[in-house]
Amino acid sequence: FFLILLVFQGLGWLIHIFTKYFSVAYAIYDTGAFAHLIFNISSGGGFYHDVLSQTSAWADHFTPNLALFAPLFWLKPSILWLLFARWITYLVCLPILWEISKFYLQDKKWRYLILFLWLINYAMSKVLIHEFQISNLALPFILLAFYLYLKKHYILFVLNLLWLLGFKENMALVWLSVGVWLFLFQKERKLGILITSGGVIAGIIIVYVLTPYLSGGIPNLQLDRLGPFELLPQKAEFIFLVLLSVGFLPLLNPRTLLFILPAFGTSLLSNKPAMSTINHHYQDLPTIIIFIAVIIALSTWEKKQGWFFSLPLGLQKISITIMLSGIILYNNHYPARIIRQQWPTSADLETLPEIHRFKKEMNPQRVLW
């Protein structure tokens, strides 16, 4: 059953890339903007894109890891490189989740449950449907932060945390989640405090020092979105929905919420409504952290520990019903549905050749690809 689901979901999301591409449905924000930035890097134009009126892209986001795509754009400048990369990183998370689960779960059925939840997860489905964001590519490296520590590969653990910062400025939040996890669940008090403090310092340096320095004095464009005390009901609903996508399983060990919440930092600190909704990409970071919490929570369940087993039998059954209902009823956004919705029309298929013809006929000095 798992292999059938893996093939169904894996091929489904791959086909979705092509149907959305040939229906000309990918937008300037954000897929086009990131692709144009890489095009400029690959052609020697530096970190800027015309979407921001040739303002340095450093002012928008701190994304030095995007430069790794430049050689691919030498071969063929296309947004498909980014979309294929996101698809690959989504699937690569599966074996890493399995390996992390080995440290916590003895019964293989619980490990397969983790992979099953990942493949059907509604929050991640919305990420894959949405426009490309470089933070999507960080997901397996976030998992590696936990895995490398558990494997006692401490040098690689530190190098991986540093590497994560190059995906986007919000990756400093991963340091906070990892630090709290180390403090609470690995009993590494000093290291946990050190990593958490390092994340706070790294975030401040990236946003307030590196960004304006690299962009020629332009402050980070995200700073006008600060509003930690605004949209509180919407932010609470956002957290509720992401937890619902895993059936509230982290609540089996409520302490996991302490390292989950820092991962929501971007949304919690923002005054922009779109950043507190599951219809965009802002749940990618908290969702991957929540899966670590699910593994720990199921470990608590497997050992028959925690508050759940102190409940009367009737309340236990109600709790299980709520969990299963959340998983079954909420996670129903399969790729087949979106493929059907975005299947290219004859007009769409005629548009792409027109675009390619225009590119060939236009002034070669103009930046368009």
# chains A, B, ... in the order shown; residues from 1 in each chain; ligands from 1
>>> residues_around(residues="Asp224 (chain A)", least_positions_apart="2", cutoff="12 Å", atoms="only C-alpha atoms", output="compact mmCIF listing (two decimals) with N, CA and C atoms, in the first residue's frame")
# COMPACT_ATOMS: atom_id res chain seq x y z
N ASP A 60 15.43 41.97 -0.65
CA ASP A 60 14.19 41.20 -0.58
C ASP A 60 14.36 40.01 0.35
N PRO A 219 17.45 48.87 3.45
CA PRO A 219 17.05 47.97 4.55
C PRO A 219 16.23 46.80 4.02
N ASN A 220 16.16 45.75 4.82
CA ASN A 220 15.38 44.58 4.45
C ASN A 220 13.92 44.97 4.21
N LEU A 221 13.40 44.58 3.04
CA LEU A 221 12.06 44.99 2.64
C LEU A 221 10.96 44.31 3.46
N GLN A 222 11.33 43.30 4.25
CA GLN A 222 10.33 42.59 5.05
C GLN A 222 10.04 43.28 6.38
N LEU A 226 6.34 43.81 10.22
CA LEU A 226 6.36 43.42 11.62
C LEU A 226 5.05 43.82 12.31
N GLY A 227 4.45 42.87 12.98
CA GLY A 227 3.22 43.14 13.73
C GLY A 227 2.87 41.97 14.60
N PRO A 228 3.68 41.69 15.62
CA PRO A 228 3.48 40.48 16.44
C PRO A 228 2.15 40.45 17.19
N LEU A 269 5.25 36.91 13.77
CA LEU A 269 5.78 38.27 13.86
C LEU A 269 5.22 39.20 12.79
N SER A 270 4.44 38.67 11.87
CA SER A 270 4.01 39.44 10.70
C SER A 270 2.64 40.08 10.89
N ASN A 271 2.43 41.20 10.17
CA ASN A 271 1.12 41.84 10.13
C ASN A 271 0.44 41.64 8.78
N LYS A 272 1.02 40.76 7.95
CA LYS A 272 0.48 40.50 6.62
C LYS A 272 -0.44 39.28 6.68
>>> select_by_dssp(residues="region 185-333 of chain A", states="alpha helix (DSSP H)", output="VMD selection string")
chain A and resid 185 189 to 205 211 to 214 232 to 244 257 to 260 265 to 268 284 to 302 313 to 330
>>> closest_atom_pairs(of="region 1-21 of chain A", to="region 123-132 of chain A", cutoff="9 Å", atoms="only C-alpha atoms", output="CSV")
residue,atom,partner,partner_atom,distance
A:Trp13,CA,A:Leu128,CA,7.6
A:His16,CA,A:Ile129,CA,8.2
A:Ile17,CA,A:Ile129,CA,8.7
>>> closest_residue(among="A:Phe358, A:Trp163, A:Phe84, A:Tyr104", to="Trp175 (chain A)", atoms="only C-alpha atoms")
A:Trp163
>>> atom_distance(atom1="CA of Leu11 (chain A)", atom2="CA of Tyr112 (chain A)")
19.4 Å
>>> closest_residue(among="A:Ser101, A:Thr31, A:Ser325, A:Ser43", to="Leu83 (chain A)", atoms="only C-alpha atoms")
A:Thr31
>>> residues_around(residues="Gln341 (chain A)", least_positions_apart="6", cutoff="10 Å", atoms="only C-alpha atoms", output="list of chain:residue names")
A:Thr19, A:Lys20, A:Pro335
>>> residues_around(residues="Trp58 (chain A)", least_positions_apart="2", cutoff="10 Å", atoms="only C-alpha atoms", output="VMD selection string")
chain A and resid 47 to 48 55 to 56 60 to 64 207 210 to 216 218 to 221
>>> residues_around(residues="Leu329 (chain A)", least_positions_apart="6", cutoff="12 Å", atoms="only C-alpha atoms", output="PyMOL selection string")
chain A and resi 120-122+244-247+321-323
>>> closest_residue(among="A:Trp87, A:Phe8, A:Trp81, A:Tyr149", to="Val178 (chain A)", atoms="only C-alpha atoms")
A:Tyr149
>>> closest_residue(among="A:Leu223, A:Ile4, A:Leu176, A:Ile355", to="Ile201 (chain A)", atoms="only C-alpha atoms")
A:Leu176
>>> decode(residues="region 209-224 of chain A", atoms="all heavy atoms", output="PDB file, in the first residue's frame")
ATOM      1  N   VAL A 209      22.148  43.714   9.493  1.00  0.00           N
ATOM      2  CA  VAL A 209      23.527  44.059   9.131  1.00  0.00           C
ATOM      3  C   VAL A 209      23.855  43.615   7.702  1.00  0.00           C
ATOM      4  O   VAL A 209      24.179  44.440   6.839  1.00  0.00           O
ATOM      5  CB  VAL A 209      24.535  43.430  10.126  1.00  0.00           C
ATOM      6  CG1 VAL A 209      25.963  43.797   9.726  1.00  0.00           C
ATOM      7  CG2 VAL A 209      24.251  43.888  11.548  1.00  0.00           C
ATOM      8  N   LEU A 210      23.754  42.304   7.431  1.00  0.00           N
ATOM      9  CA  LEU A 210      24.148  41.791   6.119  1.00  0.00           C
ATOM     10  C   LEU A 210      23.261  42.312   4.988  1.00  0.00           C
ATOM     11  O   LEU A 210      23.756  42.706   3.931  1.00  0.00           O
ATOM     12  CB  LEU A 210      24.125  40.259   6.134  1.00  0.00           C
ATOM     13  CG  LEU A 210      25.338  39.561   6.739  1.00  0.00           C
ATOM     14  CD1 LEU A 210      25.146  38.049   6.710  1.00  0.00           C
ATOM     15  CD2 LEU A 210      26.603  39.935   5.986  1.00  0.00           C
ATOM     16  N   THR A 211      21.941  42.299   5.217  1.00  0.00           N
ATOM     17  CA  THR A 211      21.024  42.725   4.154  1.00  0.00           C
ATOM     18  C   THR A 211      21.299  44.152   3.698  1.00  0.00           C
ATOM     19  O   THR A 211      21.499  44.389   2.499  1.00  0.00           O
ATOM     20  CB  THR A 211      19.558  42.566   4.607  1.00  0.00           C
ATOM     21  OG1 THR A 211      19.262  41.180   4.713  1.00  0.00           O
ATOM     22  CG2 THR A 211      18.606  43.212   3.620  1.00  0.00           C
ATOM     23  N   PRO A 212      21.315  45.137   4.587  1.00  0.00           N
ATOM     24  CA  PRO A 212      21.596  46.505   4.114  1.00  0.00           C
ATOM     25  C   PRO A 212      23.009  46.667   3.556  1.00  0.00           C
ATOM     26  O   PRO A 212      23.219  47.436   2.617  1.00  0.00           O
ATOM     27  CB  PRO A 212      21.379  47.370   5.357  1.00  0.00           C
ATOM     28  CG  PRO A 212      21.432  46.434   6.512  1.00  0.00           C
ATOM     29  CD  PRO A 212      20.975  45.117   6.017  1.00  0.00           C
ATOM     30  N   TYR A 213      23.971  45.909   4.105  1.00  0.00           N
ATOM     31  CA  TYR A 213      25.349  46.021   3.602  1.00  0.00           C
ATOM     32  C   TYR A 213      25.440  45.512   2.168  1.00  0.00           C
ATOM     33  O   TYR A 213      26.011  46.173   1.285  1.00  0.00           O
ATOM     34  CB  TYR A 213      26.289  45.234   4.509  1.00  0.00           C
ATOM     35  CG  TYR A 213      27.715  45.175   3.988  1.00  0.00           C
ATOM     36  CD1 TYR A 213      28.565  46.268   4.111  1.00  0.00           C
ATOM     37  CD2 TYR A 213      28.198  44.018   3.365  1.00  0.00           C
ATOM     38  CE1 TYR A 213      29.861  46.222   3.617  1.00  0.00           C
ATOM     39  CE2 TYR A 213      29.490  43.964   2.876  1.00  0.00           C
ATOM     40  CZ  TYR A 213      30.316  45.068   3.007  1.00  0.00           C
ATOM     41  OH  TYR A 213      31.596  45.022   2.519  1.00  0.00           O
ATOM     42  N   LEU A 214      24.872  44.339   1.906  1.00  0.00           N
ATOM     43  CA  LEU A 214      24.965  43.733   0.580  1.00  0.00           C
ATOM     44  C   LEU A 214      24.080  44.431  -0.450  1.00  0.00           C
ATOM     45  O   LEU A 214      24.347  44.356  -1.650  1.00  0.00           O
ATOM     46  CB  LEU A 214      24.584  42.253   0.658  1.00  0.00           C
ATOM     47  CG  LEU A 214      25.543  41.365   1.467  1.00  0.00           C
ATOM     48  CD1 LEU A 214      24.948  39.984   1.656  1.00  0.00           C
ATOM     49  CD2 LEU A 214      26.896  41.263   0.774  1.00  0.00           C
ATOM     50  N   SER A 215      23.025  45.099   0.006  1.00  0.00           N
ATOM     51  CA  SER A 215      22.114  45.771  -0.925  1.00  0.00           C
ATOM     52  C   SER A 215      22.421  47.246  -1.095  1.00  0.00           C
ATOM     53  O   SER A 215      21.590  47.994  -1.612  1.00  0.00           O
ATOM     54  CB  SER A 215      20.664  45.593  -0.452  1.00  0.00           C
ATOM     55  OG  SER A 215      20.483  46.175   0.825  1.00  0.00           O
ATOM     56  N   GLY A 216      23.588  47.668  -0.652  1.00  0.00           N
ATOM     57  CA  GLY A 216      23.983  49.066  -0.836  1.00  0.00           C
ATOM     58  C   GLY A 216      23.245  50.037   0.063  1.00  0.00           C
ATOM     59  O   GLY A 216      22.962  51.174  -0.343  1.00  0.00           O
ATOM     60  N   GLY A 217      22.922  49.607   1.264  1.00  0.00           N
ATOM     61  CA  GLY A 217      22.273  50.492   2.230  1.00  0.00           C
ATOM     62  C   GLY A 217      20.766  50.386   2.275  1.00  0.00           C
ATOM     63  O   GLY A 217      20.122  51.050   3.099  1.00  0.00           O
ATOM     64  N   ILE A 218      20.169  49.568   1.410  1.00  0.00           N
ATOM     65  CA  ILE A 218      18.711  49.410   1.412  1.00  0.00           C
ATOM     66  C   ILE A 218      18.325  48.458   2.545  1.00  0.00           C
ATOM     67  O   ILE A 218      18.821  47.328   2.597  1.00  0.00           O
ATOM     68  CB  ILE A 218      18.217  48.854   0.069  1.00  0.00           C
ATOM     69  CG1 ILE A 218      18.626  49.775  -1.075  1.00  0.00           C
ATOM     70  CG2 ILE A 218      16.704  48.669   0.093  1.00  0.00           C
ATOM     71  CD1 ILE A 218      18.319  49.207  -2.442  1.00  0.00           C
ATOM     72  N   PRO A 219      17.446  48.868   3.454  1.00  0.00           N
ATOM     73  CA  PRO A 219      17.052  47.967   4.546  1.00  0.00           C
ATOM     74  C   PRO A 219      16.227  46.797   4.023  1.00  0.00           C
ATOM     75  O   PRO A 219      15.664  46.844   2.927  1.00  0.00           O
ATOM     76  CB  PRO A 219      16.213  48.872   5.457  1.00  0.00           C
ATOM     77  CG  PRO A 219      15.713  49.957   4.568  1.00  0.00           C
ATOM     78  CD  PRO A 219      16.779  50.177   3.534  1.00  0.00           C
ATOM     79  N   ASN A 220      16.164  45.754   4.819  1.00  0.00           N
ATOM     80  CA  ASN A 220      15.376  44.582   4.450  1.00  0.00           C
ATOM     81  C   ASN A 220      13.923  44.969   4.206  1.00  0.00           C
ATOM     82  O   ASN A 220      13.288  45.616   5.038  1.00  0.00           O
ATOM     83  CB  ASN A 220      15.463  43.524   5.562  1.00  0.00           C
ATOM     84  CG  ASN A 220      14.894  42.191   5.141  1.00  0.00           C
ATOM     85  OD1 ASN A 220      13.698  42.057   4.943  1.00  0.00           O
ATOM     86  ND2 ASN A 220      15.749  41.200   5.002  1.00  0.00           N
ATOM     87  N   LEU A 221      13.400  44.581   3.036  1.00  0.00           N
ATOM     88  CA  LEU A 221      12.056  44.986   2.642  1.00  0.00           C
ATOM     89  C   LEU A 221      10.958  44.307   3.460  1.00  0.00           C
ATOM     90  O   LEU A 221       9.790  44.685   3.369  1.00  0.00           O
ATOM     91  CB  LEU A 221      11.843  44.670   1.157  1.00  0.00           C
ATOM     92  CG  LEU A 221      12.784  45.386   0.174  1.00  0.00           C
ATOM     93  CD1 LEU A 221      12.504  44.940  -1.247  1.00  0.00           C
ATOM     94  CD2 LEU A 221      12.655  46.900   0.303  1.00  0.00           C
ATOM     95  N   GLN A 222      11.334  43.300   4.251  1.00  0.00           N
ATOM     96  CA  GLN A 222      10.334  42.588   5.051  1.00  0.00           C
ATOM     97  C   GLN A 222      10.044  43.279   6.385  1.00  0.00           C
ATOM     98  O   GLN A 222       9.094  42.914   7.083  1.00  0.00           O
ATOM     99  CB  GLN A 222      10.805  41.150   5.326  1.00  0.00           C
ATOM    100  CG  GLN A 222      11.318  40.395   4.117  1.00  0.00           C
ATOM    101  CD  GLN A 222      10.286  40.261   3.020  1.00  0.00           C
ATOM    102  OE1 GLN A 222       9.113  40.044   3.289  1.00  0.00           O
ATOM    103  NE2 GLN A 222      10.712  40.397   1.768  1.00  0.00           N
ATOM    104  N   LEU A 223      10.855  44.294   6.740  1.00  0.00           N
ATOM    105  CA  LEU A 223      10.726  44.896   8.063  1.00  0.00           C
ATOM    106  C   LEU A 223       9.418  45.650   8.246  1.00  0.00           C
ATOM    107  O   LEU A 223       8.950  45.812   9.377  1.00  0.00           O
ATOM    108  CB  LEU A 223      11.912  45.839   8.320  1.00  0.00           C
ATOM    109  CG  LEU A 223      13.275  45.157   8.489  1.00  0.00           C
ATOM    110  CD1 LEU A 223      14.372  46.192   8.676  1.00  0.00           C
ATOM    111  CD2 LEU A 223      13.255  44.198   9.670  1.00  0.00           C
ATOM    112  N   ASP A 224       8.814  46.106   7.151  1.00  0.00           N
ATOM    113  CA  ASP A 224       7.551  46.829   7.288  1.00  0.00           C
ATOM    114  C   ASP A 224       6.374  45.899   7.572  1.00  0.00           C
ATOM    115  O   ASP A 224       5.240  46.348   7.710  1.00  0.00           O
ATOM    116  CB  ASP A 224       7.274  47.670   6.034  1.00  0.00           C
ATOM    117  CG  ASP A 224       7.095  46.804   4.782  1.00  0.00           C
ATOM    118  OD1 ASP A 224       7.406  45.603   4.859  1.00  0.00           O
ATOM    119  OD2 ASP A 224       6.656  47.337   3.751  1.00  0.00           O
TER     120      ASP A 224
END
